[in-house]
file data.txt (compact mmCIF, C-alpha atoms)
# COMPACT_ATOMS: atom_id res chain seq x y z
CA MET A 1 127.78 16.80 70.88
CA LEU A 2 131.39 15.64 71.10
CA ILE A 3 134.00 17.62 69.17
CA THR A 4 136.93 15.34 68.40
CA ASN A 5 140.41 15.55 66.88
CA ALA A 6 140.94 19.16 67.96
CA THR A 7 143.87 21.36 68.92
CA LEU A 8 142.52 23.74 71.54
CA LEU A 9 143.42 27.40 71.98
CA THR A 10 141.92 27.87 75.42
CA LEU A 11 142.44 31.67 75.63
CA ASP A 12 142.59 31.33 79.40
CA PRO A 13 145.23 33.35 81.29
CA GLU A 14 147.90 30.79 80.32
CA ASN A 15 146.86 30.74 76.63
CA ARG A 16 147.21 26.96 76.73
CA ILE A 17 147.49 25.03 73.47
CA LEU A 18 146.18 21.48 73.94
CA GLU A 19 146.63 18.91 71.20
CA ASP A 20 144.53 15.81 70.41
CA GLN A 21 141.68 16.92 72.63
CA ALA A 22 137.93 16.49 72.64
CA ILE A 23 135.19 18.78 73.96
CA TYR A 24 131.76 17.60 75.09
CA LEU A 25 128.94 20.14 74.75
CA GLU A 26 125.69 19.89 76.67
CA ASN A 27 122.82 22.35 77.19
CA GLY A 28 124.70 25.12 75.38
CA LYS A 29 127.80 24.90 77.54
CA ILE A 30 131.14 23.09 77.61
CA ALA A 31 130.56 20.10 79.88
CA ALA A 32 133.95 18.39 79.60
CA ILE A 33 137.39 18.76 78.01
CA GLY A 34 139.93 15.98 77.85
CA PRO A 35 141.70 13.31 75.81
CA GLU A 36 139.51 12.04 73.01
CA LYS A 37 139.70 8.40 74.08
CA ALA A 38 138.46 9.20 77.57
CA LEU A 39 135.59 11.42 76.40
CA ARG A 40 134.45 8.89 73.82
CA ALA A 41 134.24 6.34 76.62
CA TRP A 42 132.32 8.72 78.88
CA TYR A 43 129.87 9.88 76.18
CA PRO A 44 129.49 6.96 73.76
CA GLU A 45 126.08 8.11 72.48
CA ALA A 46 127.12 11.70 71.70
CA GLU A 47 126.97 13.01 68.15
CA ALA A 48 130.58 13.45 66.98
CA LEU A 49 131.92 16.45 65.10
CA ASP A 50 135.42 15.87 63.74
CA ALA A 51 137.59 19.00 63.87
CA ARG A 52 140.16 17.23 61.64
CA GLY A 53 143.08 18.64 63.63
CA GLN A 54 141.99 22.25 63.23
CA TYR A 55 142.39 24.81 65.96
CA VAL A 56 139.25 25.11 68.09
CA MET A 57 138.94 28.32 70.07
CA PRO A 58 136.29 30.65 71.53
CA GLY A 59 134.24 32.67 69.04
CA ASN A 60 135.03 36.36 68.71
CA VAL A 61 133.03 39.21 70.24
CA CYS A 62 132.22 42.54 68.53
CA ALA A 63 131.74 45.33 71.08
CA HIS A 64 130.02 47.88 68.81
CA THR A 65 128.31 47.51 65.44
CA HIS A 66 125.41 48.89 63.37
CA PHE A 67 123.34 46.34 61.48
CA TYR A 68 121.23 49.14 60.03
CA GLY A 69 124.12 50.39 57.90
CA ALA A 70 124.16 47.32 55.66
CA PHE A 71 122.47 49.07 52.72
CA ALA A 72 125.19 51.75 52.64
CA ARG A 73 127.47 49.31 50.83
CA GLY A 74 127.94 50.56 47.25
CA MET A 75 125.45 53.40 47.70
CA ALA A 76 126.25 56.77 46.08
CA ILE A 77 126.03 59.95 48.14
CA PRO A 78 124.47 62.79 46.10
CA GLY A 79 126.59 65.89 45.50
CA PRO A 80 130.16 66.57 46.62
CA ALA A 81 131.79 64.11 48.97
CA PRO A 82 131.35 64.95 52.67
CA LYS A 83 134.30 67.02 53.90
CA ASP A 84 134.20 65.91 57.55
CA PHE A 85 132.39 63.63 59.97
CA PRO A 86 129.44 65.98 60.69
CA GLU A 87 128.75 66.06 56.94
CA ILE A 88 129.04 62.26 56.76
CA LEU A 89 126.30 62.04 59.39
CA GLN A 90 124.11 64.58 57.60
CA LYS A 91 124.62 63.29 54.05
CA LEU A 92 124.89 59.54 54.66
CA TRP A 93 123.78 58.08 57.98
CA TRP A 94 120.87 60.28 58.97
CA PRO A 95 119.11 60.07 55.60
CA LEU A 96 119.80 56.32 55.44
CA ASP A 97 118.30 55.53 58.83
CA LYS A 98 115.16 57.48 57.80
CA ALA A 99 114.86 55.26 54.71
CA LEU A 100 114.53 52.04 56.71
CA ASP A 101 111.24 50.20 57.03
CA PRO A 102 110.68 46.85 58.85
CA ASP A 103 111.76 44.80 55.82
CA ALA A 104 114.97 46.81 55.45
CA ILE A 105 115.64 46.54 59.20
CA ARG A 106 115.20 42.77 59.04
CA LEU A 107 117.41 42.29 56.00
CA SER A 108 120.09 44.68 57.28
CA ALA A 109 120.33 42.54 60.38
CA GLN A 110 120.20 39.21 58.57
CA VAL A 111 122.93 39.91 56.04
CA LEU A 112 125.29 41.18 58.74
CA LEU A 113 124.44 38.28 61.05
CA ALA A 114 125.42 35.95 58.22
CA ASP A 115 128.61 37.99 57.89
CA ALA A 116 129.32 37.51 61.60
CA ILE A 117 128.81 33.75 61.42
CA ARG A 118 131.10 33.44 58.42
CA HIS A 119 133.79 35.51 60.13
CA GLY A 120 133.68 33.57 63.40
CA THR A 121 132.07 36.30 65.51
CA THR A 122 129.56 34.70 67.88
CA THR A 123 128.51 37.72 69.97
CA VAL A 124 127.62 41.17 68.62
CA ILE A 125 126.60 44.35 70.44
CA ASP A 126 124.39 46.35 68.06
CA HIS A 127 123.27 50.00 68.07
CA HIS A 128 120.13 50.57 65.96
CA ALA A 129 118.37 53.59 64.41
CA SER A 130 115.27 53.79 62.18
CA PRO A 131 113.33 56.99 63.00
CA ASN A 132 110.46 56.19 60.62
CA ALA A 133 110.06 52.67 62.01
CA ILE A 134 110.86 52.81 65.73
CA ASP A 135 108.11 50.83 67.45
CA GLY A 136 108.94 47.14 67.49
CA SER A 137 112.17 47.59 65.54
CA LEU A 138 114.19 45.78 68.22
CA ASP A 139 111.78 42.83 68.02
CA VAL A 140 112.45 42.63 64.28
CA ILE A 141 116.20 42.49 64.93
CA ALA A 142 115.81 40.07 67.84
CA HIS A 143 113.84 37.68 65.65
CA ALA A 144 116.62 37.79 63.06
CA VAL A 145 119.20 37.10 65.77
CA GLN A 146 117.19 34.15 67.08
CA GLN A 147 116.95 32.73 63.58
CA SER A 148 120.72 33.09 63.10
CA GLY A 149 121.57 31.42 66.42
CA LEU A 150 124.11 34.10 67.38
CA ARG A 151 124.37 35.94 70.70
CA ALA A 152 123.50 39.66 70.64
CA VAL A 153 122.97 42.75 72.79
CA LEU A 154 120.47 45.19 71.24
CA CYS A 155 119.39 48.79 71.80
CA TYR A 156 117.66 51.68 70.01
CA GLU A 157 119.46 55.00 69.41
CA VAL A 158 117.60 57.83 71.14
CA THR A 159 118.17 61.25 69.54
CA ASP A 160 116.51 64.67 69.41
CA ARG A 161 117.40 65.24 65.76
CA ASP A 162 114.02 63.91 64.52
CA GLY A 163 111.89 65.82 67.01
CA PRO A 164 110.53 65.24 70.54
CA GLU A 165 107.89 62.69 69.54
CA ARG A 166 110.45 60.33 68.01
CA ALA A 167 112.83 60.89 70.91
CA ARG A 168 110.06 59.72 73.24
CA ALA A 169 109.35 56.78 70.95
CA GLY A 170 113.03 55.80 71.06
CA ILE A 171 113.01 55.91 74.85
CA GLU A 172 109.87 53.78 74.96
CA GLU A 173 111.32 51.24 72.53
CA ASN A 174 114.41 50.81 74.70
CA VAL A 175 112.41 50.48 77.92
CA ARG A 176 109.90 48.06 76.39
CA PHE A 177 112.60 45.83 74.95
CA ILE A 178 114.76 45.91 78.11
CA GLN A 179 111.81 44.91 80.29
CA GLN A 180 110.70 42.23 77.82
CA THR A 181 114.21 40.79 77.53
CA ASN A 182 114.86 40.88 81.27
CA THR A 183 111.60 39.05 81.94
CA THR A 184 112.40 36.41 79.34
CA ASN A 185 115.94 35.86 80.60
CA GLN A 186 114.77 35.54 84.21
CA GLN A 187 112.67 32.58 83.12
CA THR A 188 115.24 30.95 80.80
CA PRO A 189 118.57 32.57 79.93
CA SER A 190 118.66 33.29 76.20
CA LYS A 191 121.19 34.52 73.67
CA ILE A 192 119.60 37.99 73.46
CA ALA A 193 120.20 40.81 75.93
CA ALA A 194 119.38 44.53 75.96
CA THR A 195 120.90 47.86 76.87
CA PHE A 196 119.73 51.49 76.43
CA GLY A 197 120.89 53.25 73.26
CA LEU A 198 121.73 56.94 72.89
CA HIS A 199 123.10 58.51 69.71
CA ALA A 200 125.63 61.07 71.00
CA GLY A 201 125.56 64.11 73.22
CA LEU A 202 125.62 66.39 70.19
CA THR A 203 122.07 65.33 69.25
CA LEU A 204 120.69 65.07 72.79
CA SER A 205 119.39 67.85 75.04
CA ASP A 206 119.84 67.86 78.79
CA ALA A 207 116.11 67.18 79.13
CA THR A 208 116.32 64.09 76.92
CA LEU A 209 119.39 62.78 78.75
CA ASP A 210 117.48 63.10 82.03
CA ALA A 211 114.43 61.45 80.49
CA CYS A 212 116.56 58.49 79.41
CA ARG A 213 118.18 58.16 82.83
CA ASN A 214 114.79 58.34 84.58
CA ALA A 215 113.11 55.88 82.21
CA ALA A 216 115.85 53.24 82.25
CA PRO A 217 115.05 50.23 84.45
CA GLU A 218 117.28 49.84 87.49
CA GLY A 219 120.69 48.38 86.69
CA THR A 220 120.52 49.34 83.00
CA GLY A 221 123.62 50.65 81.24
CA PHE A 222 123.82 52.86 78.17
CA HIS A 223 125.44 52.48 74.75
CA VAL A 224 126.42 55.89 73.34
CA HIS A 225 128.84 57.47 70.84
CA VAL A 226 131.30 59.82 72.56
CA ALA A 227 133.80 62.29 71.08
CA GLU A 228 134.05 60.49 67.75
CA HIS A 229 134.73 63.94 66.28
CA GLU A 230 135.69 67.24 67.90
CA SER A 231 132.18 68.54 67.20
CA ASP A 232 130.80 66.38 70.04
CA GLU A 233 133.11 68.11 72.52
CA TYR A 234 132.42 71.60 71.17
CA ASP A 235 128.67 70.98 71.26
CA SER A 236 128.85 69.72 74.82
CA LEU A 237 130.85 72.74 75.97
CA GLU A 238 128.37 75.09 74.30
CA LYS A 239 125.33 73.34 75.81
CA SER A 240 126.61 72.74 79.31
CA GLY A 241 130.09 74.15 79.85
CA LEU A 242 131.22 70.55 80.29
CA ARG A 243 133.13 68.19 78.05
CA ALA A 244 131.24 65.23 76.60
CA VAL A 245 132.14 62.60 79.20
CA ASP A 246 131.64 65.02 82.12
CA ARG A 247 128.19 65.89 80.78
CA LEU A 248 127.16 62.23 80.57
CA HIS A 249 128.45 61.72 84.12
CA LYS A 250 126.44 64.72 85.36
CA HIS A 251 123.31 63.02 84.03
CA GLY A 252 124.16 59.69 85.69
CA LEU A 253 124.85 57.78 82.49
CA LEU A 254 128.32 56.34 83.18
CA GLY A 255 128.98 53.10 85.02
CA PRO A 256 130.03 49.44 84.75
CA ARG A 257 127.28 48.55 82.26
CA THR A 258 127.74 51.58 79.97
CA ILE A 259 129.65 51.45 76.65
CA LEU A 260 131.20 54.60 75.21
CA ALA A 261 131.91 54.10 71.51
CA HIS A 262 135.00 55.76 70.00
CA CYS A 263 136.29 58.34 72.57
CA VAL A 264 138.73 59.66 69.96
CA HIS A 265 138.89 63.21 71.36
CA VAL A 266 138.59 62.73 75.11
CA ASP A 267 141.08 64.54 77.33
CA ALA A 268 143.01 63.31 80.37
CA ALA A 269 140.34 64.30 82.88
CA GLU A 270 137.66 62.53 80.87
CA ILE A 271 139.82 59.41 80.72
CA GLY A 272 140.14 59.52 84.49
CA LEU A 273 136.38 59.87 84.87
CA ILE A 274 135.75 56.90 82.57
CA ALA A 275 138.19 54.83 84.64
CA ASP A 276 136.76 55.96 87.99
CA THR A 277 133.22 54.98 86.95
CA ASP A 278 134.34 51.60 85.55
CA THR A 279 132.77 52.49 82.19
CA TRP A 280 133.67 50.56 79.03
CA VAL A 281 135.11 52.04 75.81
CA SER A 282 134.88 50.44 72.37
CA HIS A 283 137.53 51.26 69.75
CA GLN A 284 136.81 51.02 65.99
CA ALA A 285 140.04 51.68 64.10
CA ARG A 286 138.74 50.93 60.58
CA SER A 287 135.77 53.25 60.97
CA ASN A 288 137.89 56.03 62.49
CA MET A 289 140.29 55.80 59.55
CA ASN A 290 137.47 55.77 57.01
CA ASN A 291 135.77 58.81 58.57
CA GLY A 292 139.05 60.66 59.06
CA VAL A 293 138.16 61.51 62.66
CA GLY A 294 141.51 60.77 64.32
CA VAL A 295 143.04 58.03 66.47
CA THR A 296 141.66 56.94 69.84
CA PRO A 297 144.23 57.27 72.67
CA VAL A 298 143.96 53.56 73.44
CA GLU A 299 147.22 53.29 75.37
CA SER A 300 146.34 56.26 77.57
CA LEU A 301 142.92 54.79 78.27
CA LEU A 302 144.42 51.42 79.19
CA ARG A 303 147.12 53.02 81.34
CA ALA A 304 144.40 54.82 83.32
CA GLY A 305 142.64 51.51 83.92
CA VAL A 306 139.84 51.85 81.36
CA ARG A 307 138.57 48.60 79.90
CA VAL A 308 138.90 49.13 76.14
CA CYS A 309 137.25 46.73 73.69
CA LEU A 310 137.19 46.36 69.92
CA GLY A 311 134.17 46.89 67.68
CA THR A 312 133.52 47.20 63.95
CA ASP A 313 131.03 50.12 63.70
CA GLY A 314 129.23 48.35 60.86
CA PHE A 315 132.31 47.16 58.97
CA PRO A 316 132.41 43.38 58.35
CA HIS A 317 132.51 41.45 61.62
CA ALA A 318 136.09 40.38 60.99
CA MET A 319 137.59 40.86 64.44
CA TRP A 320 141.12 39.71 63.55
CA GLU A 321 141.18 42.28 60.75
CA GLU A 322 139.91 44.92 63.16
CA THR A 323 142.71 43.92 65.53
CA ARG A 324 145.33 44.33 62.79
CA PHE A 325 144.11 47.84 61.98
CA ALA A 326 144.07 48.77 65.66
CA TYR A 327 147.62 47.44 65.97
CA MET A 328 148.97 49.37 62.99
CA ILE A 329 147.12 52.67 63.31
CA GLN A 330 148.80 53.51 66.62
CA LYS A 331 152.26 52.84 65.18
CA LEU A 332 151.55 55.00 62.14
CA HIS A 333 149.93 57.78 64.14
CA HIS A 334 152.83 57.99 66.61
CA ARG A 335 155.48 57.10 64.02
CA ASP A 336 156.82 54.58 66.53
CA PRO A 337 156.71 50.79 65.96
CA ARG A 338 156.90 50.20 69.71
CA ARG A 339 153.42 51.63 70.29
CA MET A 340 150.42 49.35 70.91
CA PRO A 341 152.23 46.05 71.65
CA GLY A 342 150.55 42.99 70.19
CA ASN A 343 150.05 41.24 73.51
CA VAL A 344 148.24 44.27 74.94
CA LEU A 345 145.92 44.43 71.94
CA PHE A 346 145.38 40.67 72.10
CA ASP A 347 144.27 41.03 75.74
CA MET A 348 141.67 43.57 74.61
CA LEU A 349 140.33 41.19 71.96
CA VAL A 350 140.24 37.96 73.97
CA GLY A 351 139.94 39.43 77.48
CA ASN A 352 138.02 42.69 77.50
CA ASN A 353 135.60 41.90 74.68
CA PRO A 354 134.33 38.65 76.27
CA ALA A 355 134.26 40.31 79.71
CA LEU A 356 131.99 43.05 78.35
CA ALA A 357 129.72 40.55 76.60
CA GLY A 358 129.75 38.36 79.69
CA SER A 359 128.26 41.16 81.76
CA PHE A 360 125.11 40.74 79.65
CA PHE A 361 125.21 36.91 79.73
CA PRO A 362 126.34 36.18 83.29
CA ASP A 363 125.11 32.60 83.57
CA ALA A 364 128.46 31.23 82.27
CA PRO A 365 131.91 32.52 81.23
CA LEU A 366 132.44 33.73 77.68
CA GLY A 367 135.64 33.75 75.64
CA ILE A 368 137.47 30.76 77.11
CA LEU A 369 137.52 27.01 76.58
CA ALA A 370 136.77 25.69 80.05
CA GLU A 371 134.24 23.40 81.65
CA GLY A 372 131.09 25.38 82.42
CA ALA A 373 131.76 28.09 79.84
CA HIS A 374 129.34 29.04 77.06
CA ALA A 375 129.83 26.72 74.08
CA ASP A 376 130.63 29.54 71.62
CA LEU A 377 133.37 28.03 69.45
CA ILE A 378 135.02 28.34 66.07
CA PHE A 379 137.21 25.98 64.05
CA VAL A 380 140.21 27.66 62.39
CA ASP A 381 142.06 25.98 59.51
CA TYR A 382 145.40 27.64 60.24
CA HIS A 383 148.67 25.97 59.27
CA PRO A 384 151.51 27.95 60.89
CA PHE A 385 154.89 27.65 59.24
CA THR A 386 156.65 28.77 62.43
CA PRO A 387 156.07 27.36 65.94
CA LEU A 388 152.86 28.51 67.61
CA THR A 389 153.26 28.83 71.38
CA PRO A 390 151.35 30.42 74.25
CA GLY A 391 153.92 33.22 74.24
CA ASN A 392 153.70 34.12 70.57
CA LEU A 393 149.99 33.44 70.01
CA PRO A 394 149.10 37.19 69.92
CA TRP A 395 151.42 37.77 66.96
CA HIS A 396 150.16 34.69 65.12
CA VAL A 397 146.64 36.09 65.49
CA ILE A 398 147.68 39.57 64.29
CA PHE A 399 149.89 38.48 61.38
CA GLY A 400 148.72 34.96 60.53
CA PHE A 401 145.05 34.43 61.32
CA HIS A 402 142.48 35.43 58.72
CA GLU A 403 138.69 35.17 58.78
CA SER A 404 138.73 33.02 55.63
CA MET A 405 140.26 30.30 57.81
CA VAL A 406 137.10 29.95 59.91
CA THR A 407 135.38 26.75 58.80
CA THR A 408 132.85 26.09 61.58
CA THR A 409 130.98 28.41 63.93
CA ILE A 410 129.08 27.23 67.02
CA CYS A 411 127.11 29.41 69.44
CA GLY A 412 125.48 28.11 72.58
CA GLY A 413 126.21 24.58 71.39
CA GLN A 414 124.32 25.11 68.12
CA VAL A 415 126.27 24.63 64.89
CA LEU A 416 125.64 27.72 62.76
CA MET A 417 128.23 27.01 60.06
CA ARG A 418 129.86 23.69 59.25
CA ASP A 419 132.68 23.38 56.73
CA ARG A 420 131.96 26.94 55.57
CA GLN A 421 128.28 26.19 54.88
CA LEU A 422 125.83 28.34 56.85
CA LEU A 423 123.11 26.21 58.42
CA THR A 424 120.73 28.70 60.06
CA LEU A 425 120.62 31.42 57.39
CA ASP A 426 120.37 31.04 53.62
CA GLU A 427 123.11 33.48 52.70
CA ALA A 428 122.48 33.47 48.94
CA ALA A 429 118.72 33.91 49.32
CA LEU A 430 119.17 36.78 51.78
CA ALA A 431 121.64 38.50 49.47
CA ALA A 432 119.22 38.17 46.54
CA GLU A 433 116.34 39.55 48.60
CA ALA A 434 118.51 42.43 49.80
CA ARG A 435 119.57 43.27 46.22
CA ASP A 436 115.91 43.46 45.24
CA LEU A 437 115.09 45.71 48.18
CA ALA A 438 118.17 47.95 48.02
CA PRO A 439 116.98 50.15 45.10
CA LYS A 440 113.85 51.04 47.07
CA VAL A 441 115.89 51.88 50.17
CA TRP A 442 118.34 53.89 48.05
CA GLY A 443 115.45 55.77 46.43
CA ARG A 444 114.03 56.79 49.79
CA TYR A 445 117.53 57.62 51.03
CA GLU A 446 118.19 59.95 48.10
CA LYS A 447 115.02 61.94 48.79
CA TYR A 448 116.08 62.51 52.38
CA ALA A 449 119.71 63.17 51.42
CA LEU A 450 118.76 65.88 48.93
CA LYS A 451 116.82 67.64 51.70
CA ALA A 452 119.79 67.47 54.09

call {"tool": "encode", "arguments": {"input": "data.txt", "output": "structure tokens"}}
result
Amino acid sequence: MLITNATLLTLDPENRILEDQAIYLENGKIAAIGPEKALRAWYPEAEALDARGQYVMPGNVCAHTHFYGAFARGMAIPGPAPKDFPEILQKLWWPLDKALDPDAIRLSAQVLLADAIRHGTTTVIDHHASPNAIDGSLDVIAHAVQQSGLRAVLCYEVTDRDGPERARAGIEENVRFIQQTNTTNQQTPSKIAATFGLHAGLTLSDATLDACRNAAPEGTGFHVHVAEHESDEYDSLEKSGLRAVDRLHKHGLLGPRTILAHCVHVDAAEIGLIADTDTWVSHQARSNMNNGVGVTPVESLLRAGVRVCLGTDGFPHAMWEETRFAYMIQKLHHRDPRRMPGNVLFDMLVGNNPALAGSFFPDAPLGILAEGAHADLIFVDYHPFTPLTPGNLPWHVIFGFHESMVTTTICGGQVLMRDRQLLTLDEAALAAEARDLAPKVWGRYEKYALKA
């Protein structure tokens, strides 16, 4: 396929803006970039896709999300509103994950995959939980991902809160899916990868942490919530005499393929340990604000050398919106407009996020427009009324870009949305099916919530 009449935002280190360009895609990758006239001559038989002068740039990456939370939208929580994050877990998320069956798992994934396509997010890193439907749950999600055409990293959340049998089942689901995915990708690289999911230290015993470490295939990383609320730190100190990050390190769970979600309440020593082990952190500003848990010390993490990424935690996969919240929350929290400079945050979005995702899809670069890179692209119908330059691009993204401007989404060379019409998923039909199923999920949820 030959994309023509495009203005390219390369998102390479120079942030080059190239006008009147064409891109030739072949076998899921960018095969050539150059003047349209030249590429038309080189590839006269290629199917043409006219960008109509729009900006063409790499698709966004979401470093941490939860498909399974889709049915929480609009759902009422019985009784008084939760007063803090531990009560939110007990009254909302833990009863909801118990209410999921295979159909609800599938639809939760599908509606949020459609959301990602529409918002221009081409890679998502998901963290799943369904304690009454563990076995094969990752296959259900993987099938939905394959149908959507997006790129995804999947895992199952191991926890002790539902008893030892389900903890073992969660471990087995992770191991089975990791081995299955690794075998498949060794034969032909695909758009699905796997990691090993853990809920959080506050719901995991030392024995279960060791069991996860021992069961994980060699080279596997972990995806775990850390210090989202103070309770995780207090629980860790009570169980082990160690803070949350130190405890994970003791059990061999940190490293260059591990993702720590949130890290709102880590201290300086923990930050140093995260940096020393080359472990990733994902920051979810909208979720932290909604749950009232505090503000992640992003600047301190970055200053220590930690690679911090941006996720959504189940909010819509609108990464530019997530970036705006991450930009503003630091300024408000510190009462200082100089905090969290836009260019630093932009580097997290377009540098760290693709680098993290690229560690799971190493056969080609992600997040840049360059020959040989993965053909994960979006068209953006943005009409700036001030000059857009490589130097001021971060602030155009933060203050000017909006997900409604995404008109076309391509992943691995496959067009998933063209002119705002989804091609791989029937968005209206999925929404209708989900509306029919939601009352059943909500009914099961309420029974579990009333017992909580």

call {"tool": "atom_distance", "arguments": {"input": "data.txt", "atom1": "CA of Lys83 in chain A", "atom2": "CA of Pro95 in chain A"}}
result
16.8 Å

call {"tool": "residues_around", "arguments": {"input": "data.txt", "residues": "range 179-192 of chain A", "least_positions_apart": "2", "cutoff": "12 Å", "atoms": "only C-alpha atoms", "output": "compact mmCIF listing (two decimals) with C-alpha atoms, in the coordinates of the input"}}
result
# COMPACT_ATOMS: atom_id res chain seq x y z
CA ASN A 27 122.82 22.35 77.19
CA GLY A 28 124.70 25.12 75.38
CA THR A 122 129.56 34.70 67.88
CA THR A 123 128.51 37.72 69.97
CA VAL A 124 127.62 41.17 68.62
CA ILE A 125 126.60 44.35 70.44
CA ASP A 126 124.39 46.35 68.06
CA GLY A 136 108.94 47.14 67.49
CA LEU A 138 114.19 45.78 68.22
CA ASP A 139 111.78 42.83 68.02
CA ILE A 141 116.20 42.49 64.93
CA ALA A 142 115.81 40.07 67.84
CA HIS A 143 113.84 37.68 65.65
CA ALA A 144 116.62 37.79 63.06
CA VAL A 145 119.20 37.10 65.77
CA GLN A 146 117.19 34.15 67.08
CA GLN A 147 116.95 32.73 63.58
CA SER A 148 120.72 33.09 63.10
CA GLY A 149 121.57 31.42 66.42
CA LEU A 150 124.11 34.10 67.38
CA ARG A 151 124.37 35.94 70.70
CA ALA A 152 123.50 39.66 70.64
CA VAL A 153 122.97 42.75 72.79
CA LEU A 154 120.47 45.19 71.24
CA CYS A 155 119.39 48.79 71.80
CA GLU A 172 109.87 53.78 74.96
CA GLU A 173 111.32 51.24 72.53
CA ASN A 174 114.41 50.81 74.70
CA VAL A 175 112.41 50.48 77.92
CA ARG A 176 109.90 48.06 76.39
CA PHE A 177 112.60 45.83 74.95
CA ALA A 194 119.38 44.53 75.96
CA THR A 195 120.90 47.86 76.87
CA PHE A 196 119.73 51.49 76.43
CA ALA A 215 113.11 55.88 82.21
CA ALA A 216 115.85 53.24 82.25
CA PRO A 217 115.05 50.23 84.45
CA GLU A 218 117.28 49.84 87.49
CA GLY A 219 120.69 48.38 86.69
CA THR A 220 120.52 49.34 83.00
CA ALA A 357 129.72 40.55 76.60
CA GLY A 358 129.75 38.36 79.69
CA PHE A 360 125.11 40.74 79.65
CA PHE A 361 125.21 36.91 79.73
CA PRO A 362 126.34 36.18 83.29
CA ASP A 363 125.11 32.60 83.57
CA ALA A 364 128.46 31.23 82.27
CA LEU A 366 132.44 33.73 77.68
CA HIS A 374 129.34 29.04 77.06
CA ALA A 375 129.83 26.72 74.08
CA ASP A 376 130.63 29.54 71.62
CA CYS A 411 127.11 29.41 69.44
CA GLY A 412 125.48 28.11 72.58
CA GLY A 413 126.21 24.58 71.39
CA GLN A 414 124.32 25.11 68.12

call {"tool": "residues_around", "arguments": {"input": "data.txt", "residues": "Asn392 in chain A", "least_positions_apart": "5", "cutoff": "10 Å", "atoms": "only C-alpha atoms", "output": "list in words"}}
result
Asn15, Gly342, Asn343, Pro387 and Val397 of chain A

call {"tool": "atom_distance", "arguments": {"input": "data.txt", "atom1": "CA of Trp93 in chain A", "atom2": "CA of Val306 in chain A"}}
result
29.0 Å

call {"tool": "residues_around", "arguments": {"input": "data.txt", "residues": "Arg161 in chain A", "least_positions_apart": "5", "cutoff": "9 Å", "atoms": "only C-alpha atoms", "output": "count of residues only"}}
result
4

call {"tool": "residues_near_point", "arguments": {"input": "data.txt", "point": "(140.9, 28.4, 55.3)", "cutoff": "7 Å", "atoms": "all atoms listed in the file", "output": "MDAnalysis selection string"}}
result
chainID A and resid 381:382 404:407

call {"tool": "closest_residue", "arguments": {"input": "data.txt", "among": "A:Tyr43, A:Leu112, A:Gly69, A:His383", "to": "Glu26 in chain A", "atoms": "all atoms listed in the file"}}
result
A:Tyr43

call {"tool": "closest_residue", "arguments": {"input": "data.txt", "among": "A:Leu388, A:Ile3, A:Val295, A:Ala41", "to": "Lys331 in chain A", "atoms": "all atoms listed in the file"}}
result
A:Val295

call {"tool": "atom_distance", "arguments": {"input": "data.txt", "atom1": "CA of Gly311 in chain A", "atom2": "CA of Pro384 in chain A"}}
result
26.6 Å

call {"tool": "residues_around", "arguments": {"input": "data.txt", "residues": "Thr279 in chain A", "least_positions_apart": "5", "cutoff": "12 Å", "atoms": "only C-alpha atoms", "output": "compact mmCIF listing (two decimals) with C-alpha atoms, keeping the file's coordinate frame"}}
result
# COMPACT_ATOMS: atom_id res chain seq x y z
CA GLY A 221 123.62 50.65 81.24
CA PHE A 222 123.82 52.86 78.17
CA HIS A 223 125.44 52.48 74.75
CA VAL A 224 126.42 55.89 73.34
CA VAL A 245 132.14 62.60 79.20
CA LEU A 248 127.16 62.23 80.57
CA HIS A 249 128.45 61.72 84.12
CA GLY A 252 124.16 59.69 85.69
CA LEU A 253 124.85 57.78 82.49
CA LEU A 254 128.32 56.34 83.18
CA GLY A 255 128.98 53.10 85.02
CA PRO A 256 130.03 49.44 84.75
CA ARG A 257 127.28 48.55 82.26
CA THR A 258 127.74 51.58 79.97
CA ILE A 259 129.65 51.45 76.65
CA LEU A 260 131.20 54.60 75.21
CA ALA A 261 131.91 54.10 71.51
CA CYS A 263 136.29 58.34 72.57
CA GLU A 270 137.66 62.53 80.87
CA ILE A 271 139.82 59.41 80.72
CA GLY A 272 140.14 59.52 84.49
CA LEU A 273 136.38 59.87 84.87
CA ILE A 274 135.75 56.90 82.57
CA LEU A 301 142.92 54.79 78.27
CA ALA A 304 144.40 54.82 83.32
CA GLY A 305 142.64 51.51 83.92
CA VAL A 306 139.84 51.85 81.36
CA ARG A 307 138.57 48.60 79.90
CA VAL A 308 138.90 49.13 76.14
CA CYS A 309 137.25 46.73 73.69
CA LEU A 356 131.99 43.05 78.35

call {"tool": "residues_around", "arguments": {"input": "data.txt", "residues": "range 55-61 of chain A", "least_positions_apart": "6", "cutoff": "7 Å", "atoms": "all atoms listed in the file", "output": "number ranges by chain"}}
result
A: 6-10, 120-124, 319, 353-354, 367-369, 376-381

call {"tool": "residues_near_point", "arguments": {"input": "data.txt", "point": "(136.0, 54.3, 62.0)", "cutoff": "12 Å", "atoms": "all atoms listed in the file", "output": "ChimeraX atom specification"}}
result
/A:64-66,85,88,225,228-229,261-264,282-296,310-315,322,325-326,329

call {"tool": "closest_residue", "arguments": {"input": "data.txt", "among": "A:His119, A:Lys91, A:Arg168, A:Arg339", "to": "Ile410 in chain A", "atoms": "only C-alpha atoms"}}
result
A:His119

call {"tool": "axis_aligned_box", "arguments": {"input": "data.txt", "around": "range 129-146 of chain A", "padding_each_side": "3 Å", "output": "JSON"}}
result
{"center_x": 113.7, "center_y": 45.6, "center_z": 64.4, "size_x": 17.1, "size_y": 28.8, "size_z": 13.6}
